[in-house]
$ cat data_25.txt   # compact mmCIF, C-alpha atoms and all ligand atoms
# COMPACT_ATOMS: atom_id res chain seq x y z
CA MET A 1 -27.00 -22.89 13.64
CA THR A 2 -26.81 -22.12 17.35
CA VAL A 3 -26.41 -18.51 18.43
CA LEU A 4 -24.89 -17.70 21.81
CA ILE A 5 -26.52 -14.60 23.34
CA THR A 6 -24.64 -13.09 26.26
CA GLY A 7 -26.81 -10.87 28.44
CA GLY A 8 -29.78 -12.54 26.75
CA GLY A 9 -31.88 -12.13 29.88
CA GLY A 10 -31.95 -8.34 29.47
CA PHE A 11 -34.07 -5.88 27.51
CA LEU A 12 -32.36 -6.00 24.14
CA GLY A 13 -31.73 -9.73 24.46
CA ALA A 14 -35.45 -10.39 24.83
CA TRP A 15 -36.22 -8.63 21.56
CA ILE A 16 -33.42 -10.38 19.69
CA ILE A 17 -34.62 -13.74 21.05
CA ARG A 18 -38.12 -12.92 19.81
CA ARG A 19 -36.81 -12.35 16.28
CA LEU A 20 -34.44 -15.35 16.16
CA ALA A 21 -37.13 -17.65 17.58
CA ALA A 22 -39.48 -16.57 14.77
CA ARG A 23 -36.85 -17.83 12.31
CA GLY A 24 -36.44 -21.14 14.12
CA ILE A 25 -32.83 -20.43 15.10
CA ASP A 26 -31.42 -22.35 18.07
CA MET A 27 -30.17 -20.11 20.86
CA ARG A 28 -28.15 -20.42 24.03
CA VAL A 29 -28.43 -17.65 26.60
CA PHE A 30 -25.52 -16.77 28.86
CA ASP A 31 -26.38 -14.41 31.69
CA ARG A 32 -25.29 -13.84 35.26
CA ARG A 33 -28.76 -14.71 36.48
CA GLU A 34 -31.56 -16.95 35.38
CA ASP A 35 -34.53 -14.62 35.34
CA ARG A 36 -36.64 -15.34 32.27
CA GLY A 37 -39.25 -12.69 33.07
CA VAL A 38 -38.28 -10.02 30.54
CA VAL A 39 -37.82 -12.59 27.76
CA ARG A 40 -41.19 -14.14 28.60
CA ALA A 41 -42.89 -10.72 28.51
CA ILE A 42 -41.46 -9.92 25.09
CA ALA A 43 -40.89 -13.25 23.35
CA GLY A 44 -43.54 -15.42 25.04
CA ASP A 45 -43.26 -19.14 25.75
CA VAL A 46 -39.96 -19.49 23.94
CA ALA A 47 -38.42 -18.10 27.14
CA ASP A 48 -39.07 -21.39 28.90
CA GLN A 49 -37.53 -23.50 26.13
CA LEU A 50 -34.21 -21.66 25.95
CA ASP A 51 -30.93 -23.39 26.76
CA TRP A 52 -29.93 -20.99 29.55
CA ARG A 53 -26.47 -20.98 31.16
CA THR A 54 -25.58 -18.81 34.10
CA GLY A 55 -22.12 -17.40 34.70
CA ASP A 56 -20.04 -14.26 34.85
CA ILE A 57 -18.90 -12.86 31.51
CA ALA A 58 -15.76 -11.63 33.25
CA ALA A 59 -14.81 -15.27 33.91
CA GLY A 60 -13.43 -16.76 30.70
CA SER A 61 -13.97 -20.35 31.82
CA ASP A 62 -17.71 -19.82 32.45
CA LEU A 63 -18.12 -18.42 28.99
CA SER A 64 -15.98 -20.87 27.03
CA ARG A 65 -18.02 -23.77 28.43
CA ALA A 66 -21.23 -22.06 27.38
CA ALA A 67 -19.86 -21.28 23.91
CA GLU A 68 -19.06 -24.87 22.96
CA GLY A 69 -20.92 -25.88 19.81
CA CYS A 70 -22.15 -22.34 19.04
CA ASP A 71 -21.71 -20.88 15.54
CA PHE A 72 -22.20 -17.18 16.19
CA ALA A 73 -22.17 -14.90 19.24
CA ILE A 74 -24.41 -11.94 20.00
CA HIS A 75 -22.73 -10.15 22.86
CA LEU A 76 -24.90 -7.88 25.00
CA ALA A 77 -23.82 -8.56 28.60
CA ALA A 78 -22.63 -5.32 30.12
CA LEU A 79 -23.05 -2.89 32.96
CA LEU A 80 -24.75 0.35 31.92
CA THR A 81 -23.60 3.97 32.31
CA PRO A 82 -24.52 4.57 35.99
CA ASP A 83 -22.83 1.33 37.15
CA CYS A 84 -19.70 2.14 35.15
CA ALA A 85 -19.49 5.60 36.75
CA GLU A 86 -20.00 4.13 40.21
CA ASN A 87 -17.62 1.22 39.90
CA PRO A 88 -15.17 1.62 36.99
CA ILE A 89 -12.94 -1.33 37.95
CA LEU A 90 -15.76 -3.87 38.15
CA SER A 91 -17.26 -2.40 34.98
CA ALA A 92 -13.99 -2.75 33.10
CA GLN A 93 -13.93 -6.40 34.09
CA VAL A 94 -17.46 -6.94 32.83
CA ASN A 95 -17.56 -4.64 29.79
CA LEU A 96 -13.98 -4.83 28.57
CA ILE A 97 -12.54 -8.15 29.80
CA GLY A 98 -15.98 -9.70 29.25
CA THR A 99 -15.85 -8.69 25.58
CA LEU A 100 -12.34 -10.12 25.19
CA ASN A 101 -13.66 -13.34 26.73
CA VAL A 102 -16.38 -13.46 24.08
CA PHE A 103 -13.81 -13.13 21.30
CA GLU A 104 -11.59 -15.78 22.90
CA ALA A 105 -14.58 -18.11 23.19
CA ALA A 106 -15.48 -17.39 19.56
CA LYS A 107 -11.95 -18.30 18.54
CA SER A 108 -11.91 -21.55 20.55
CA ALA A 109 -15.35 -22.59 19.33
CA GLY A 110 -14.53 -21.69 15.69
CA MET A 111 -17.49 -19.35 15.42
CA ARG A 112 -18.39 -17.58 12.17
CA GLY A 113 -18.43 -14.21 13.90
CA VAL A 114 -19.54 -11.91 16.69
CA ALA A 115 -22.12 -9.11 16.78
CA TYR A 116 -21.78 -6.96 19.87
CA ALA A 117 -23.48 -3.98 21.45
CA SER A 118 -21.25 -0.95 21.38
CA SER A 119 -22.94 2.38 22.06
CA ALA A 120 -23.27 5.96 20.87
CA GLY A 121 -21.61 6.58 24.24
CA VAL A 122 -18.33 6.26 22.30
CA PHE A 123 -19.07 9.84 21.19
CA GLY A 124 -18.60 12.63 23.67
CA PRO A 125 -20.99 15.55 24.11
CA ASP A 126 -19.36 17.68 21.40
CA ASP A 127 -19.21 15.46 18.32
CA GLY A 128 -21.41 12.68 16.96
CA ALA A 129 -19.00 11.56 14.25
CA VAL A 130 -15.55 11.24 15.85
CA PRO A 131 -15.45 9.06 18.98
CA TYR A 132 -14.29 10.96 22.06
CA PRO A 133 -16.02 9.39 25.08
CA THR A 134 -16.30 11.26 28.35
CA THR A 135 -17.84 8.41 30.37
CA GLN A 136 -16.23 5.20 31.62
CA TYR A 137 -19.01 3.32 29.82
CA GLY A 138 -18.23 4.99 26.49
CA ALA A 139 -14.50 4.54 26.98
CA PHE A 140 -14.89 0.79 27.54
CA LYS A 141 -17.18 0.46 24.52
CA LEU A 142 -14.66 2.26 22.32
CA ALA A 143 -11.85 0.02 23.58
CA CYS A 144 -13.97 -3.04 22.68
CA GLU A 145 -14.25 -1.78 19.10
CA GLY A 146 -10.46 -1.53 18.89
CA SER A 147 -10.03 -5.04 20.27
CA ALA A 148 -12.57 -6.36 17.77
CA ARG A 149 -10.42 -4.93 14.96
CA ALA A 150 -7.37 -6.63 16.49
CA TYR A 151 -9.22 -9.98 16.59
CA TRP A 152 -9.95 -9.59 12.88
CA ALA A 153 -6.33 -8.70 12.13
CA ASP A 154 -4.83 -11.42 14.34
CA ALA A 155 -7.34 -14.25 14.22
CA ARG A 156 -9.72 -13.45 11.33
CA ILE A 157 -12.76 -13.29 13.61
CA SER A 158 -15.41 -11.24 11.80
CA SER A 159 -17.37 -8.86 13.95
CA VAL A 160 -19.81 -6.03 13.89
CA GLY A 161 -20.44 -3.59 16.71
CA PHE A 162 -23.58 -1.46 16.86
CA ARG A 163 -23.78 1.96 18.45
CA PRO A 164 -27.31 2.96 19.39
CA ALA A 165 -27.96 6.00 21.58
CA ILE A 166 -31.23 5.62 23.54
CA VAL A 167 -32.93 2.31 22.87
CA TYR A 168 -36.54 2.53 24.01
CA GLY A 169 -39.57 0.29 23.92
CA PRO A 170 -41.39 -2.38 25.92
CA GLY A 171 -39.16 -3.79 28.66
CA ARG A 172 -36.67 -0.89 28.88
CA GLU A 173 -36.96 -0.31 32.59
CA THR A 174 -33.41 0.21 33.88
CA GLY A 175 -30.45 2.44 33.08
CA GLN A 176 -29.92 6.19 32.79
CA THR A 177 -32.04 6.52 29.63
CA ALA A 178 -34.98 4.31 30.60
CA GLY A 179 -37.01 7.50 31.28
CA PRO A 180 -38.95 7.71 27.98
CA THR A 181 -40.10 4.08 28.31
CA LEU A 182 -40.93 4.44 32.01
CA ALA A 183 -42.91 7.58 31.16
CA CYS A 184 -44.98 5.51 28.69
CA ARG A 185 -45.59 2.93 31.41
CA ALA A 186 -46.58 5.54 34.00
CA ALA A 187 -48.94 7.25 31.53
CA THR A 188 -50.89 4.03 31.03
CA VAL A 189 -51.67 3.77 34.74
CA GLY A 190 -52.46 7.46 35.23
CA GLN A 191 -49.26 8.29 37.10
CA SER A 192 -47.09 11.34 36.48
CA TYR A 193 -43.45 10.80 35.54
CA THR A 194 -40.28 12.90 35.53
CA ILE A 195 -37.69 11.94 32.88
CA GLY A 196 -34.25 12.28 34.47
CA TYR A 197 -32.41 14.15 31.72
CA SER A 198 -33.03 17.18 29.56
CA GLY A 199 -32.25 18.18 26.00
CA ARG A 200 -32.08 16.22 22.75
CA ALA A 201 -30.95 12.68 22.08
CA ASP A 202 -31.25 10.07 19.35
CA MET A 203 -34.03 7.58 20.09
CA ILE A 204 -34.20 4.20 18.39
CA TYR A 205 -37.02 1.68 18.79
CA VAL A 206 -35.84 -1.61 20.27
CA ASP A 207 -37.18 -3.86 17.53
CA ASP A 208 -35.15 -1.91 14.93
CA VAL A 209 -32.01 -2.67 16.95
CA ALA A 210 -33.05 -6.32 17.30
CA ALA A 211 -33.45 -6.48 13.50
CA VAL A 212 -29.88 -5.28 13.05
CA PHE A 213 -28.56 -8.06 15.29
CA GLU A 214 -30.77 -10.57 13.46
CA ALA A 215 -29.26 -9.45 10.16
CA ALA A 216 -25.74 -9.83 11.52
CA ALA A 217 -26.47 -13.36 12.77
CA THR A 218 -28.07 -14.52 9.53
CA ARG A 219 -26.06 -12.83 6.77
CA SER A 220 -22.43 -13.48 5.99
CA PHE A 221 -19.93 -10.66 6.29
CA GLU A 222 -16.22 -10.25 6.78
CA GLY A 223 -14.02 -7.74 8.62
CA ALA A 224 -14.46 -5.81 11.84
CA HIS A 225 -17.14 -3.15 11.55
CA ALA A 226 -18.57 -0.60 13.96
CA PHE A 227 -21.81 1.06 12.87
CA SER A 228 -23.70 3.91 14.49
CA LEU A 229 -27.44 3.22 14.63
CA VAL A 230 -29.53 6.27 13.93
CA GLY A 231 -33.17 6.57 14.96
CA GLU A 232 -34.83 9.94 15.44
CA VAL A 233 -33.45 12.93 17.36
CA ALA A 234 -35.94 14.21 19.90
CA ASP A 235 -35.98 16.75 22.68
CA VAL A 236 -37.49 15.45 25.93
CA SER A 237 -40.39 17.87 25.40
CA GLU A 238 -41.11 16.15 22.04
CA ILE A 239 -41.06 12.75 23.74
CA ALA A 240 -43.56 13.99 26.33
CA ALA A 241 -45.75 15.39 23.51
CA GLY A 242 -45.45 12.09 21.63
CA ILE A 243 -46.65 10.14 24.67
CA ARG A 244 -49.52 12.62 25.15
CA HIS A 245 -50.51 11.95 21.53
CA HIS A 246 -51.25 8.37 22.61
CA VAL A 247 -52.36 9.08 26.21
CA PRO A 248 -53.86 12.60 26.14
CA ASN A 249 -53.93 13.10 29.92
CA ALA A 250 -50.36 11.94 30.55
CA VAL A 251 -48.43 14.18 32.96
CA ILE A 252 -44.74 14.08 32.05
CA ASP A 253 -41.97 16.50 32.88
CA TRP A 254 -38.21 16.31 33.05
CA CYS A 255 -35.26 17.58 35.01
CA GLY A 256 -31.57 16.92 35.11
CA PRO A 257 -28.59 17.67 32.89
CA PRO A 258 -28.32 16.76 29.21
CA LEU A 259 -26.81 13.34 28.43
CA SER A 260 -23.04 13.18 27.93
CA LEU A 261 -23.32 12.13 24.31
CA HIS A 262 -23.90 14.23 21.22
CA PRO A 263 -27.56 14.30 20.20
CA VAL A 264 -26.93 13.99 16.47
CA ILE A 265 -25.08 10.82 15.59
CA ALA A 266 -23.60 10.59 12.10
CA PRO A 267 -25.04 7.65 10.14
CA SER A 268 -22.82 4.72 9.12
CA PRO A 269 -22.89 2.75 5.83
CA ILE A 270 -24.54 -0.21 7.55
CA GLY A 271 -26.72 -1.10 4.55
CA ALA A 272 -23.66 -1.99 2.47
CA VAL A 273 -22.89 -4.86 4.89
CA LEU A 274 -26.28 -5.86 6.30
CA GLY A 275 -28.79 -4.73 3.66
CA GLU A 276 -32.13 -2.97 4.14
CA LEU A 277 -33.16 -2.52 7.80
CA PRO A 278 -36.39 -1.31 9.42
CA HIS A 279 -36.86 2.20 10.79
CA THR A 280 -39.73 2.84 13.19
CA PRO A 281 -40.75 6.53 13.47
CA LEU A 282 -40.64 7.80 17.07
CA ILE A 283 -44.37 8.46 17.22
CA ASP A 284 -45.08 4.84 16.22
CA GLY A 285 -42.48 3.42 18.61
CA LEU A 286 -43.99 5.39 21.49
CA GLY A 287 -47.42 4.13 20.44
CA ARG A 288 -46.24 0.51 20.46
CA THR A 289 -44.66 1.06 23.87
CA VAL A 290 -47.84 2.55 25.31
CA ALA A 291 -49.89 -0.28 23.77
CA PHE A 292 -47.62 -2.88 25.40
CA TYR A 293 -48.06 -1.36 28.85
CA GLN A 294 -51.81 -1.10 28.29
CA SER A 295 -52.34 -4.67 27.11
CA GLY A 296 -49.24 -6.65 28.17
CA ALA A 297 -48.83 -7.78 24.55
CA VAL A 298 -46.18 -6.85 22.01
CA THR A 299 -47.65 -5.31 18.85
N1 LIG B 1 -30.51 0.08 26.29
C1 LIG B 1 -29.87 1.05 25.65
O1 LIG B 1 -30.36 2.18 25.48
C2 LIG B 1 -28.50 0.78 25.07
C3 LIG B 1 -27.89 1.77 24.30
C4 LIG B 1 -26.63 1.52 23.77
C5 LIG B 1 -26.02 0.32 24.00
N2 LIG B 1 -26.62 -0.63 24.76
C6 LIG B 1 -25.92 -1.87 25.01
O2 LIG B 1 -26.76 -2.96 24.68
C7 LIG B 1 -26.48 -4.08 25.53
C8 LIG B 1 -27.75 -4.59 26.14
O3 LIG B 1 -28.36 -3.54 26.87
P1 LIG B 1 -29.74 -3.75 27.62
O4 LIG B 1 -30.44 -2.44 27.59
O5 LIG B 1 -30.40 -4.97 27.12
O6 LIG B 1 -29.21 -3.97 29.11
P2 LIG B 1 -29.79 -4.91 30.28
O7 LIG B 1 -29.17 -4.42 31.53
O8 LIG B 1 -31.26 -5.03 30.18
O9 LIG B 1 -29.17 -6.33 29.90
C9 LIG B 1 -27.83 -6.65 30.17
C10 LIG B 1 -27.78 -8.10 30.59
O10 LIG B 1 -26.41 -8.41 30.87
C11 LIG B 1 -26.37 -9.24 32.01
N3 LIG B 1 -25.08 -9.10 32.68
C12 LIG B 1 -24.61 -8.02 33.34
N4 LIG B 1 -23.42 -8.30 33.88
C13 LIG B 1 -23.14 -9.59 33.55
C14 LIG B 1 -22.03 -10.44 33.84
N5 LIG B 1 -21.01 -10.04 34.59
N6 LIG B 1 -22.04 -11.68 33.33
C15 LIG B 1 -23.11 -12.13 32.60
N7 LIG B 1 -24.18 -11.36 32.30
C16 LIG B 1 -24.19 -10.09 32.78
C17 LIG B 1 -27.51 -8.73 32.90
O11 LIG B 1 -27.92 -9.72 33.84
C18 LIG B 1 -28.58 -8.40 31.87
O12 LIG B 1 -29.47 -9.49 31.66
C19 LIG B 1 -25.44 -3.59 26.54
O13 LIG B 1 -24.16 -4.00 26.10
C20 LIG B 1 -25.56 -2.09 26.47
O14 LIG B 1 -24.37 -1.46 26.82
C21 LIG B 1 -27.85 -0.43 25.31
$ encode --input "data_25.txt" --output "structure tokens"
Amino acid sequence: MTVLITGGGGFLGAWIIRRLAARGIDMRVFDRREDRGVVRAIAGDVADQLDWRTGDIAAGSDLSRAAEGCDFAIHLAALLTPDCAENPILSAQVNLIGTLNVFEAAKSAGMRGVAYASSAGVFGPDDGAVPYPTTQYGAFKLACEGSARAYWADARISSVGFRPAIVYGPGRETGQTAGPTLACRAATVGQSYTIGYSGRADMIYVDDVAAVFEAAATRSFEGAHAFSLVGEVADVSEIAAGIRHHVPNAVIDWCGPPLSLHPVIAPSPIGAVLGELPHTPLIDGLGRTVAFYQSGAVT
């Protein structure tokens, strides 16, 4: 089996690659740039053995060439919330058209299915159960879920979309919600850090999300699903306290508005489709993140 991983050069991709490599699964990365640094930091030497194709997800021809011979697609390539707010047209091309390109490539290559990163951004600030996005990013993610259902109805392409809120852990260094991870990094080198949002949000450890994608790639399922991924709800003050538990002298504060997504995300019946999945408590995930920035090794 060969798994195509779009956006595989990013944070989440690196952790998924680490898991799939441990199972001996062949992978092909598709990313707009060939920078293997994050994958190397998280997954080790496997980074240098990957079949890596560069191209723009918004260009169907780039992607269909890369998809030839692949059996399953993990689709991560996207622009994150700040880029979508700044440039909605470009972001629609990448996040929305790019996702349609993945489904078209899956159809042409006869793939078994697609697992893609949606987001808890599909929920607005007022409700964590009924999607009502108030960001361009969330709106595009929600549209992708609808298109995935249409690809199941029209072409029988099975898919599963996952909606995490804040994914944190070693390697999460960009995007609006990178603050908790960057605070862990700063604490390990004795620097103070200001997290750029306030209030509560659901935090999920990156390896738990990687495990969900691994399950989707290795178990058989049918239909078009969209599952919310629930970690642990934490106020920024609790995150700062959690980091201080591991680095007692850490100086962490926060400022800025609350995030534009509801802090409490309703759980989805994911286990019925993908079975038992890991759940890392926040205090342990922060500890593993601190340990990574102290030692350079994933624990
Ligand atoms: N990190 C989070 O907290 C979080 C939360 C919810 C959902 N997600 C989703 O998970 C996915 C992965 O997120 P991440 O944190 O790993 O982001 P990331 O920015 O680290 O990785 C995204 C990757 O996509 C690539 N990419 C961007 N535009 C591209 C294009 N036009 N063509 C080809 N490749 C392109 C980038 O080069 C990058 O390697 C995204 O779809 C994101 O929306 C992330």
$ closest_residue --input "data_25.txt" --among "A:Ala66, A:Leu100, A:Ala291, A:Ile157" --to "A:Thr181" --atoms "only C-alpha atoms"
A:Ala291
$ residues_around --input "data_25.txt" --residues "A:Val189" --least-positions-apart "6" --cutoff "10 Å" --atoms "all atoms listed in the file" --output "ChimeraX atom specification"
/A:250,293-294
$ residues_near_ligand --input "data_25.txt" --ligand "ligand LIG 1 (chain B)" --cutoff "6 Å" --atoms "all atoms listed in the file" --output "NGL selection string"
:A and (7-13 or 31-33 or 55-58 or 76-80 or 94 or 117-119 or 164-167)
$ closest_residue --input "data_25.txt" --among "A:Gly199, A:Pro263, A:Gly190, A:Pro278" --to "A:Ala129" --atoms "only C-alpha atoms"
A:Pro263
$ residues_around --input "data_25.txt" --residues "A:Arg18" --least-positions-apart "6" --cutoff "12 Å" --atoms "only C-alpha atoms" --output "PyMOL selection string"
chain A and resi 8-9+11-12+24-27+38-47+50+206-207+210-211+213-214+298
$ atom_distance --input "data_25.txt" --atom1 "atom CA of A:Asn87" --atom2 "atom CA of A:Ala224"
29.1 Å
$ atom_distance --input "data_25.txt" --atom1 "atom CA of A:Tyr116" --atom2 "atom CA of A:Phe227"
10.6 Å
$ atom_distance --input "data_25.txt" --atom1 "atom CA of A:Thr54" --atom2 "atom CA of A:Arg36"
11.7 Å
$ decode --input "data_25.txt" --residues "stretch 97-125 of chain A" --atoms "N, CA and C atoms" --output "PDB file, in the first residue's frame"
ATOM      1  N   ILE A  97     -10.483  24.306  -3.575  1.00  0.00           N
ATOM      2  CA  ILE A  97     -10.173  23.669  -4.873  1.00  0.00           C
ATOM      3  C   ILE A  97      -9.126  22.577  -4.676  1.00  0.00           C
ATOM      4  N   GLY A  98      -8.164  22.835  -3.789  1.00  0.00           N
ATOM      5  CA  GLY A  98      -7.137  21.819  -3.501  1.00  0.00           C
ATOM      6  C   GLY A  98      -7.762  20.525  -3.011  1.00  0.00           C
ATOM      7  N   THR A  99      -8.775  20.624  -2.170  1.00  0.00           N
ATOM      8  CA  THR A  99      -9.442  19.407  -1.662  1.00  0.00           C
ATOM      9  C   THR A  99     -10.200  18.703  -2.788  1.00  0.00           C
ATOM     10  N   LEU A 100     -10.859  19.482  -3.643  1.00  0.00           N
ATOM     11  CA  LEU A 100     -11.543  18.844  -4.789  1.00  0.00           C
ATOM     12  C   LEU A 100     -10.517  18.143  -5.676  1.00  0.00           C
ATOM     13  N   ASN A 101      -9.347  18.754  -5.835  1.00  0.00           N
ATOM     14  CA  ASN A 101      -8.294  18.106  -6.631  1.00  0.00           C
ATOM     15  C   ASN A 101      -7.873  16.772  -6.017  1.00  0.00           C
ATOM     16  N   VAL A 102      -7.836  16.708  -4.698  1.00  0.00           N
ATOM     17  CA  VAL A 102      -7.474  15.445  -4.040  1.00  0.00           C
ATOM     18  C   VAL A 102      -8.530  14.377  -4.353  1.00  0.00           C
ATOM     19  N   PHE A 103      -9.785  14.748  -4.271  1.00  0.00           N
ATOM     20  CA  PHE A 103     -10.841  13.763  -4.565  1.00  0.00           C
ATOM     21  C   PHE A 103     -10.825  13.353  -6.031  1.00  0.00           C
ATOM     22  N   GLU A 104     -10.552  14.302  -6.925  1.00  0.00           N
ATOM     23  CA  GLU A 104     -10.459  13.950  -8.354  1.00  0.00           C
ATOM     24  C   GLU A 104      -9.289  12.991  -8.580  1.00  0.00           C
ATOM     25  N   ALA A 105      -8.176  13.289  -7.932  1.00  0.00           N
ATOM     26  CA  ALA A 105      -6.996  12.417  -8.079  1.00  0.00           C
ATOM     27  C   ALA A 105      -7.285  11.039  -7.493  1.00  0.00           C
ATOM     28  N   ALA A 106      -8.024  10.999  -6.387  1.00  0.00           N
ATOM     29  CA  ALA A 106      -8.382   9.710  -5.775  1.00  0.00           C
ATOM     30  C   ALA A 106      -9.261   8.904  -6.730  1.00  0.00           C
ATOM     31  N   LYS A 107     -10.149   9.605  -7.405  1.00  0.00           N
ATOM     32  CA  LYS A 107     -11.045   8.934  -8.359  1.00  0.00           C
ATOM     33  C   LYS A 107     -10.232   8.367  -9.524  1.00  0.00           C
ATOM     34  N   SER A 108      -9.357   9.209 -10.103  1.00  0.00           N
ATOM     35  CA  SER A 108      -8.563   8.764 -11.265  1.00  0.00           C
ATOM     36  C   SER A 108      -7.639   7.617 -10.900  1.00  0.00           C
ATOM     37  N   ALA A 109      -7.058   7.682  -9.704  1.00  0.00           N
ATOM     38  CA  ALA A 109      -6.089   6.651  -9.317  1.00  0.00           C
ATOM     39  C   ALA A 109      -6.784   5.415  -8.730  1.00  0.00           C
ATOM     40  N   GLY A 110      -8.109   5.458  -8.583  1.00  0.00           N
ATOM     41  CA  GLY A 110      -8.844   4.315  -8.022  1.00  0.00           C
ATOM     42  C   GLY A 110      -8.490   4.047  -6.571  1.00  0.00           C
ATOM     43  N   MET A 111      -8.297   5.113  -5.812  1.00  0.00           N
ATOM     44  CA  MET A 111      -7.899   4.932  -4.399  1.00  0.00           C
ATOM     45  C   MET A 111      -9.039   4.353  -3.559  1.00  0.00           C
ATOM     46  N   ARG A 112      -8.646   3.694  -2.462  1.00  0.00           N
ATOM     47  CA  ARG A 112      -9.612   3.121  -1.520  1.00  0.00           C
ATOM     48  C   ARG A 112     -10.357   4.215  -0.755  1.00  0.00           C
ATOM     49  N   GLY A 113      -9.720   5.344  -0.532  1.00  0.00           N
ATOM     50  CA  GLY A 113     -10.391   6.400   0.211  1.00  0.00           C
ATOM     51  C   GLY A 113      -9.480   7.575   0.507  1.00  0.00           C
ATOM     52  N   VAL A 114     -10.061   8.532   1.211  1.00  0.00           N
ATOM     53  CA  VAL A 114      -9.358   9.779   1.555  1.00  0.00           C
ATOM     54  C   VAL A 114      -9.623  10.092   3.027  1.00  0.00           C
ATOM     55  N   ALA A 115      -8.571  10.441   3.760  1.00  0.00           N
ATOM     56  CA  ALA A 115      -8.745  11.006   5.109  1.00  0.00           C
ATOM     57  C   ALA A 115      -8.217  12.429   5.043  1.00  0.00           C
ATOM     58  N   TYR A 116      -8.990  13.382   5.468  1.00  0.00           N
ATOM     59  CA  TYR A 116      -8.569  14.777   5.309  1.00  0.00           C
ATOM     60  C   TYR A 116      -8.733  15.547   6.612  1.00  0.00           C
ATOM     61  N   ALA A 117      -7.930  16.601   6.722  1.00  0.00           N
ATOM     62  CA  ALA A 117      -8.007  17.455   7.909  1.00  0.00           C
ATOM     63  C   ALA A 117      -9.087  18.494   7.683  1.00  0.00           C
ATOM     64  N   SER A 118     -10.189  18.330   8.406  1.00  0.00           N
ATOM     65  CA  SER A 118     -11.140  19.429   8.527  1.00  0.00           C
ATOM     66  C   SER A 118     -10.692  20.216   9.764  1.00  0.00           C
ATOM     67  N   SER A 119     -11.581  20.800  10.488  1.00  0.00           N
ATOM     68  CA  SER A 119     -11.166  21.579  11.661  1.00  0.00           C
ATOM     69  C   SER A 119     -12.377  21.893  12.524  1.00  0.00           C
ATOM     70  N   ALA A 120     -12.137  22.058  13.828  1.00  0.00           N
ATOM     71  CA  ALA A 120     -13.198  22.545  14.709  1.00  0.00           C
ATOM     72  C   ALA A 120     -13.565  23.985  14.358  1.00  0.00           C
ATOM     73  N   GLY A 121     -12.781  24.585  13.447  1.00  0.00           N
ATOM     74  CA  GLY A 121     -13.137  25.906  12.914  1.00  0.00           C
ATOM     75  C   GLY A 121     -14.458  25.892  12.157  1.00  0.00           C
ATOM     76  N   VAL A 122     -14.987  24.695  11.836  1.00  0.00           N
ATOM     77  CA  VAL A 122     -16.324  24.657  11.202  1.00  0.00           C
ATOM     78  C   VAL A 122     -17.384  25.163  12.180  1.00  0.00           C
ATOM     79  N   PHE A 123     -17.080  25.093  13.498  1.00  0.00           N
ATOM     80  CA  PHE A 123     -18.021  25.633  14.488  1.00  0.00           C
ATOM     81  C   PHE A 123     -17.724  27.113  14.698  1.00  0.00           C
ATOM     82  N   GLY A 124     -18.741  27.863  14.919  1.00  0.00           N
ATOM     83  CA  GLY A 124     -18.533  29.278  15.239  1.00  0.00           C
ATOM     84  C   GLY A 124     -18.273  29.430  16.730  1.00  0.00           C
ATOM     85  N   PRO A 125     -18.249  30.659  17.209  1.00  0.00           N
ATOM     86  CA  PRO A 125     -17.964  30.882  18.634  1.00  0.00           C
ATOM     87  C   PRO A 125     -19.103  30.482  19.567  1.00  0.00           C
TER      88      PRO A 125
END
